[in-house]
Amino acid sequence: MSLCPAKIALKQKLAFMNIIQENKNELAAVLKIQLGPDDYQEKVEKAMKDLQKKMQMPGFRPGKVPMGIVKKQYGKGVLAEEVNKILMDAVYDYIKEKEINILGNPLPDHDKADDIDWDNQTEFEFHYEIGIAPKVELSLEEKIEVDYHKIKVEDSLIDDTIKDLTRRYGKMITPEQSEKEDVLFGEFEEVDGEGNVIESGLKNKSNIYVQYLKDEETQKSLVGLKSGDAVVIDVVKAVENESEMASMLGVKKEELEQYGKDYRFTLERISRIEPAEVNEDLFRKIAPEKDIADEKAFREFIAEQLGKQYQVDADKHFKNEAIKTLVEKAQLALPEDFLKRWIVEANRDNSEITPEKVEDEFASFADSFRWQLIENHLIKEYKVEVKHEEVADHLKNFMRQQMQQYGQPEPDEETLNNFVKRIASNQEEIKKIYDQLFDVKILELLKEKLQLREKQLTFDEFVNEMTERYKNQNQPQA
């Protein structure tokens, strides 16, 4: 859309007030609001009478202070306040009546307002600049192509996940001989250079998670031990950092320099998780709502869940790429000068949002405005809506999942409904949920209507591709 450089004066009036709209171009206009006594006098007098009823002053009974005194003290402030209320109502009523799709909020001309003589003027003129949203003429039926990464789940990932689940649902046992994945409990005793225990040295009983030690040689020395066996450990070499070392030795990190690095560890007890068997009992624990009869069906279920989990990141990337594509295709012009001033004005309390910062980052701001316009257009065009029932179902499912995660029984309908009512009473929380569900529906709309150039790859391949892509995008141009 090309911008018209010429100013076109278009005079339009509301029945109760004189408002003149002067178009600066196709996307920006100035509203001139002219007020006379007939527009504000009645409201000012009512406000003054209300103030008089509440006013107290020595020498006068409460509510009986003469109007002349009330006007002298508060008349100018009341006039300015009531005029400002009338102005805001008038501006937004005008915008609504004329069906003007604005960007941001109307910006008052502060310089002209500062010139007003509130003591003597009875006729006023105020100026407000408005940014006009461009018309979006975009259809998802135009066969717009966007890359779409489909994450495939490898067998090795399914194997690792099932192994983790069998350990999570396994039981703790105390075997006689240690292995790499065991937790060992025993006593640390500080030793000298020849491996002899220092009588006045540090002693502490603690655990060792063998598989998480950073030194492979230390790990090997702790495998095959029985209760009462002892080995000398260099804790500096064995663990990742000072915090872990201090925890193992039972001291504060700041105290470590007082002690040596070599300790004799005498094993007292071995703890090991015995993995659960891959059978119907495990299937019911992992997926109580599914009827999984054998390991093949269980692997398919795990693959499906992993696919959904990893697809979330791929879908986020797809949506970002779809937004870029649609913003570029729509070619929406914006009232840039107006928007830059409006962003600064709207963030007056934020010292980080300066005119210079807005200027430097305006391209990003502008694309956000463009996508918001496009998204609103798509919501209207394709009748995207989130119903109350969908929000309620979302909340109920969330509660069910939370209860299941902590091993609690399925909540009854009354408990679920009470949970929904409690969340619904929090406007901020309920808005977040509506926004989340709208985002999901917009994503599904884009996946349904756009032409997807599908590419299958593993999650690691996807991560590597994204890392390489964004690294290249962030490299400075020669």
# chains A, B, ... in the order shown; residues from 1 in each chain; ligands from 1
$ select_by_dssp --residues "range 119-292 of chain A" --states "helix (DSSP H, G or I)" --output "number ranges by chain"
A: 140-142, 155-168, 210-212, 216-221, 235-238, 242-249, 253-258, 280-286
$ residues_around --residues "range 55-72 of chain A" --least-positions-apart "6" --cutoff "12 Å" --atoms "only C-alpha atoms" --output "PyMOL selection string"
chain A and resi 44-49+78-79+119
$ write_last_selection --atoms "N, CA and C atoms" --output "PDB file, in the first residue's frame"
ATOM      1  N   VAL A  44     -19.287  20.332  34.643  1.00  0.00           N
ATOM      2  CA  VAL A  44     -18.420  21.067  35.566  1.00  0.00           C
ATOM      3  C   VAL A  44     -19.224  21.536  36.778  1.00  0.00           C
ATOM      4  N   GLU A  45     -20.415  22.084  36.524  1.00  0.00           N
ATOM      5  CA  GLU A  45     -21.242  22.576  37.639  1.00  0.00           C
ATOM      6  C   GLU A  45     -21.639  21.435  38.573  1.00  0.00           C
ATOM      7  N   LYS A  46     -21.962  20.292  38.011  1.00  0.00           N
ATOM      8  CA  LYS A  46     -22.321  19.139  38.860  1.00  0.00           C
ATOM      9  C   LYS A  46     -21.123  18.704  39.702  1.00  0.00           C
ATOM     10  N   ALA A  47     -19.955  18.663  39.084  1.00  0.00           N
ATOM     11  CA  ALA A  47     -18.760  18.265  39.820  1.00  0.00           C
ATOM     12  C   ALA A  47     -18.448  19.257  40.932  1.00  0.00           C
ATOM     13  N   MET A  48     -18.663  20.550  40.662  1.00  0.00           N
ATOM     14  CA  MET A  48     -18.405  21.575  41.680  1.00  0.00           C
ATOM     15  C   MET A  48     -19.389  21.444  42.843  1.00  0.00           C
ATOM     16  N   LYS A  49     -20.645  21.158  42.547  1.00  0.00           N
ATOM     17  CA  LYS A  49     -21.644  20.987  43.608  1.00  0.00           C
ATOM     18  C   LYS A  49     -21.326  19.760  44.465  1.00  0.00           C
ATOM     19  N   VAL A  78     -11.066  21.331  38.360  1.00  0.00           N
ATOM     20  CA  VAL A  78     -12.283  20.604  38.015  1.00  0.00           C
ATOM     21  C   VAL A  78     -12.592  20.769  36.532  1.00  0.00           C
ATOM     22  N   LEU A  79     -12.450  21.999  36.023  1.00  0.00           N
ATOM     23  CA  LEU A  79     -12.701  22.255  34.600  1.00  0.00           C
ATOM     24  C   LEU A  79     -11.798  21.386  33.733  1.00  0.00           C
ATOM     25  N   ASP A 119      -7.759  29.774  33.034  1.00  0.00           N
ATOM     26  CA  ASP A 119      -8.401  30.812  33.848  1.00  0.00           C
ATOM     27  C   ASP A 119      -9.370  31.662  33.034  1.00  0.00           C
TER      28      ASP A 119
END
$ residues_around --residues "Val236 in chain A" --least-positions-apart "4" --cutoff "12 Å" --atoms "only C-alpha atoms" --output "MDAnalysis selection string"
chainID A and resid 213:215 218 240:246 248:249 256:257 259:263
$ residues_around --residues "Val146 in chain A" --least-positions-apart "6" --cutoff "9 Å" --atoms "only C-alpha atoms" --output "list in words"
Phe318, Glu321, Ala322, Thr325, Leu450, Gln451, Leu452, Arg453 and Glu454 of chain A
$ closest_residue --among "A:Asp93, A:Asp234, A:Asp349, A:Asp164" --to "Ile286 in chain A" --atoms "only C-alpha atoms"
A:Asp164
$ atom_distance --atom1 "CA of Glu125 in chain A" --atom2 "CA of Ala113 in chain A"
8.4 Å
$ residues_around --residues "range 356-358 of chain A" --least-positions-apart "5" --cutoff "9 Å" --atoms "only C-alpha atoms" --output "list of chain:residue names"
A:Lys340, A:Arg341, A:Ile343, A:Val344, A:Phe365
$ closest_residue --among "A:Val223, A:Asp115, A:Thr161, A:Phe419" --to "Ala392 in chain A" --atoms "only C-alpha atoms"
A:Phe419
$ closest_residue --among "A:Trp371, A:Tyr434, A:Phe362, A:Phe459" --to "Leu395 in chain A" --atoms "only C-alpha atoms"
A:Tyr434
$ closest_atom_pairs --of "range 221-339 of chain A" --to "range 465-472 of chain A" --cutoff "12 Å" --atoms "only C-alpha atoms" --output "JSON lines"
{"residue": "A:Asp313", "atom": "CA", "partner": "A:Met466", "partner_atom": "CA", "distance": 10.4}
{"residue": "A:Ala314", "atom": "CA", "partner": "A:Met466", "partner_atom": "CA", "distance": 9.6}
{"residue": "A:Lys316", "atom": "CA", "partner": "A:Met466", "partner_atom": "CA", "distance": 11.7}
{"residue": "A:His317", "atom": "CA", "partner": "A:Met466", "partner_atom": "CA", "distance": 8.7}
{"residue": "A:Phe318", "atom": "CA", "partner": "A:Met466", "partner_atom": "CA", "distance": 11.4}
$ residues_around --residues "range 95-110 of chain A" --least-positions-apart "3" --cutoff "12 Å" --atoms "only C-alpha atoms" --output "number ranges by chain"
A: 12-15, 19-21, 26-33, 84, 87-92, 113-116, 125-136, 334-346, 366, 368-370, 372-373, 376-377
$ residues_around --residues "Ile173 in chain A" --least-positions-apart "2" --cutoff "9 Å" --atoms "only C-alpha atoms" --output "list in words"
Lys171, Pro175, Ile270, Ser271, Arg272, Ile273 and Glu274 of chain A
$ closest_residue --among "A:Ala303, A:Lys203, A:Gln309, A:Glu137" --to "Asp155 in chain A" --atoms "only C-alpha atoms"
A:Ala303
$ select_by_dssp --residues "range 195-289 of chain A" --states "strand (DSSP E)" --output "JSON, numbers by chain"
{"A": [203, 204, 205, 206, 207, 208, 209, 230, 231, 232, 233, 234, 262, 263, 264, 265, 266, 267, 268, 269, 270, 271, 272, 273, 274]}
$ closest_residue --among "A:Ser351, A:Glu295, A:Gly170, A:Ser247" --to "Ala276 in chain A" --atoms "only C-alpha atoms"
A:Gly170
$ atom_distance --atom1 "CA of Lys54 in chain A" --atom2 "CA of Glu82 in chain A"
17.9 Å
$ atom_distance --atom1 "CA of Ile302 in chain A" --atom2 "CA of Gln211 in chain A"
25.7 Å
$ closest_residue --among "A:Val278, A:Ala80, A:Leu138, A:Ala363" --to "Arg167 in chain A" --atoms "only C-alpha atoms"
A:Val278
$ decode --residues "range 212-239 of chain A" --atoms "N, CA, C and O atoms" --output "short mmCIF file (atom, residue, chain, number, x, y, z; two decimals), in the first residue's frame"
data_model
loop_
_atom_site.label_atom_id
_atom_site.label_comp_id
_atom_site.auth_asym_id
_atom_site.auth_seq_id
_atom_site.Cartn_x
_atom_site.Cartn_y
_atom_site.Cartn_z
N TYR A 212 27.66 -40.59 38.20
CA TYR A 212 27.75 -39.15 37.97
C TYR A 212 29.12 -38.57 38.32
O TYR A 212 29.32 -37.36 38.20
N LEU A 213 30.05 -39.40 38.78
CA LEU A 213 31.41 -38.92 39.01
C LEU A 213 32.06 -38.61 37.66
O LEU A 213 31.87 -39.33 36.68
N LYS A 214 32.86 -37.54 37.63
CA LYS A 214 33.42 -37.13 36.33
C LYS A 214 34.65 -37.93 35.94
O LYS A 214 35.04 -37.97 34.76
N ASP A 215 35.30 -38.58 36.92
CA ASP A 215 36.53 -39.31 36.65
C ASP A 215 36.25 -40.79 36.45
O ASP A 215 35.75 -41.48 37.36
N GLU A 216 36.57 -41.31 35.29
CA GLU A 216 36.28 -42.71 34.96
C GLU A 216 37.08 -43.67 35.83
O GLU A 216 36.58 -44.74 36.24
N GLU A 217 38.31 -43.31 36.16
CA GLU A 217 39.15 -44.17 37.00
C GLU A 217 38.54 -44.32 38.40
O GLU A 217 38.53 -45.42 38.96
N THR A 218 37.99 -43.23 38.94
CA THR A 218 37.34 -43.29 40.25
C THR A 218 36.09 -44.16 40.19
O THR A 218 35.79 -44.93 41.11
N GLN A 219 35.32 -44.02 39.10
CA GLN A 219 34.13 -44.86 38.93
C GLN A 219 34.50 -46.34 38.99
O GLN A 219 33.85 -47.13 39.69
N LYS A 220 35.55 -46.73 38.27
CA LYS A 220 35.96 -48.13 38.21
C LYS A 220 36.36 -48.64 39.59
O LYS A 220 36.09 -49.80 39.95
N SER A 221 37.01 -47.77 40.39
CA SER A 221 37.46 -48.21 41.72
C SER A 221 36.31 -48.47 42.66
O SER A 221 36.48 -49.16 43.68
N LEU A 222 35.13 -47.92 42.36
CA LEU A 222 33.96 -48.07 43.23
C LEU A 222 33.04 -49.20 42.77
O LEU A 222 32.01 -49.45 43.40
N VAL A 223 33.36 -49.86 41.69
CA VAL A 223 32.56 -50.98 41.18
C VAL A 223 33.15 -52.30 41.70
O VAL A 223 34.36 -52.50 41.70
N GLY A 224 32.24 -53.16 42.16
CA GLY A 224 32.67 -54.46 42.66
C GLY A 224 32.96 -54.47 44.15
O GLY A 224 33.49 -55.46 44.68
N LEU A 225 32.61 -53.40 44.87
CA LEU A 225 32.85 -53.33 46.31
C LEU A 225 31.74 -54.02 47.09
O LEU A 225 30.59 -54.08 46.65
N LYS A 226 32.09 -54.50 48.30
CA LYS A 226 31.13 -55.03 49.25
C LYS A 226 31.20 -54.23 50.53
O LYS A 226 32.15 -53.48 50.75
N SER A 227 30.17 -54.37 51.35
CA SER A 227 30.13 -53.64 52.61
C SER A 227 31.40 -53.90 53.41
O SER A 227 31.82 -55.06 53.58
N GLY A 228 32.05 -52.81 53.87
CA GLY A 228 33.29 -52.91 54.62
C GLY A 228 34.52 -52.66 53.77
O GLY A 228 35.60 -52.35 54.30
N ASP A 229 34.41 -52.77 52.44
CA ASP A 229 35.54 -52.47 51.56
C ASP A 229 35.82 -50.98 51.57
O ASP A 229 34.92 -50.15 51.77
N ALA A 230 37.11 -50.64 51.33
CA ALA A 230 37.51 -49.23 51.34
C ALA A 230 38.40 -48.91 50.15
O ALA A 230 39.20 -49.75 49.71
N VAL A 231 38.28 -47.69 49.61
CA VAL A 231 39.14 -47.20 48.53
C VAL A 231 39.50 -45.75 48.85
O VAL A 231 38.76 -45.05 49.54
N VAL A 232 40.67 -45.30 48.34
CA VAL A 232 41.08 -43.91 48.50
C VAL A 232 40.65 -43.13 47.27
O VAL A 232 40.90 -43.56 46.14
N ILE A 233 39.99 -41.98 47.52
CA ILE A 233 39.44 -41.17 46.44
C ILE A 233 40.03 -39.77 46.47
O ILE A 233 40.10 -39.15 47.55
N ASP A 234 40.46 -39.30 45.32
CA ASP A 234 40.84 -37.88 45.16
C ASP A 234 39.57 -37.13 44.79
O ASP A 234 39.11 -37.19 43.64
N VAL A 235 38.95 -36.44 45.75
CA VAL A 235 37.64 -35.82 45.51
C VAL A 235 37.72 -34.68 44.51
O VAL A 235 36.73 -34.39 43.82
N VAL A 236 38.87 -34.01 44.42
CA VAL A 236 39.02 -32.93 43.44
C VAL A 236 38.91 -33.48 42.03
O VAL A 236 38.27 -32.91 41.14
N LYS A 237 39.52 -34.65 41.82
CA LYS A 237 39.48 -35.29 40.51
C LYS A 237 38.13 -35.95 40.25
O LYS A 237 37.68 -36.05 39.10
N ALA A 238 37.46 -36.36 41.32
CA ALA A 238 36.25 -37.19 41.16
C ALA A 238 34.99 -36.40 40.85
O ALA A 238 34.15 -36.86 40.06
N VAL A 239 34.82 -35.22 41.46
CA VAL A 239 33.54 -34.52 41.34
C VAL A 239 33.66 -33.28 40.45
O VAL A 239 34.76 -32.81 40.16
#
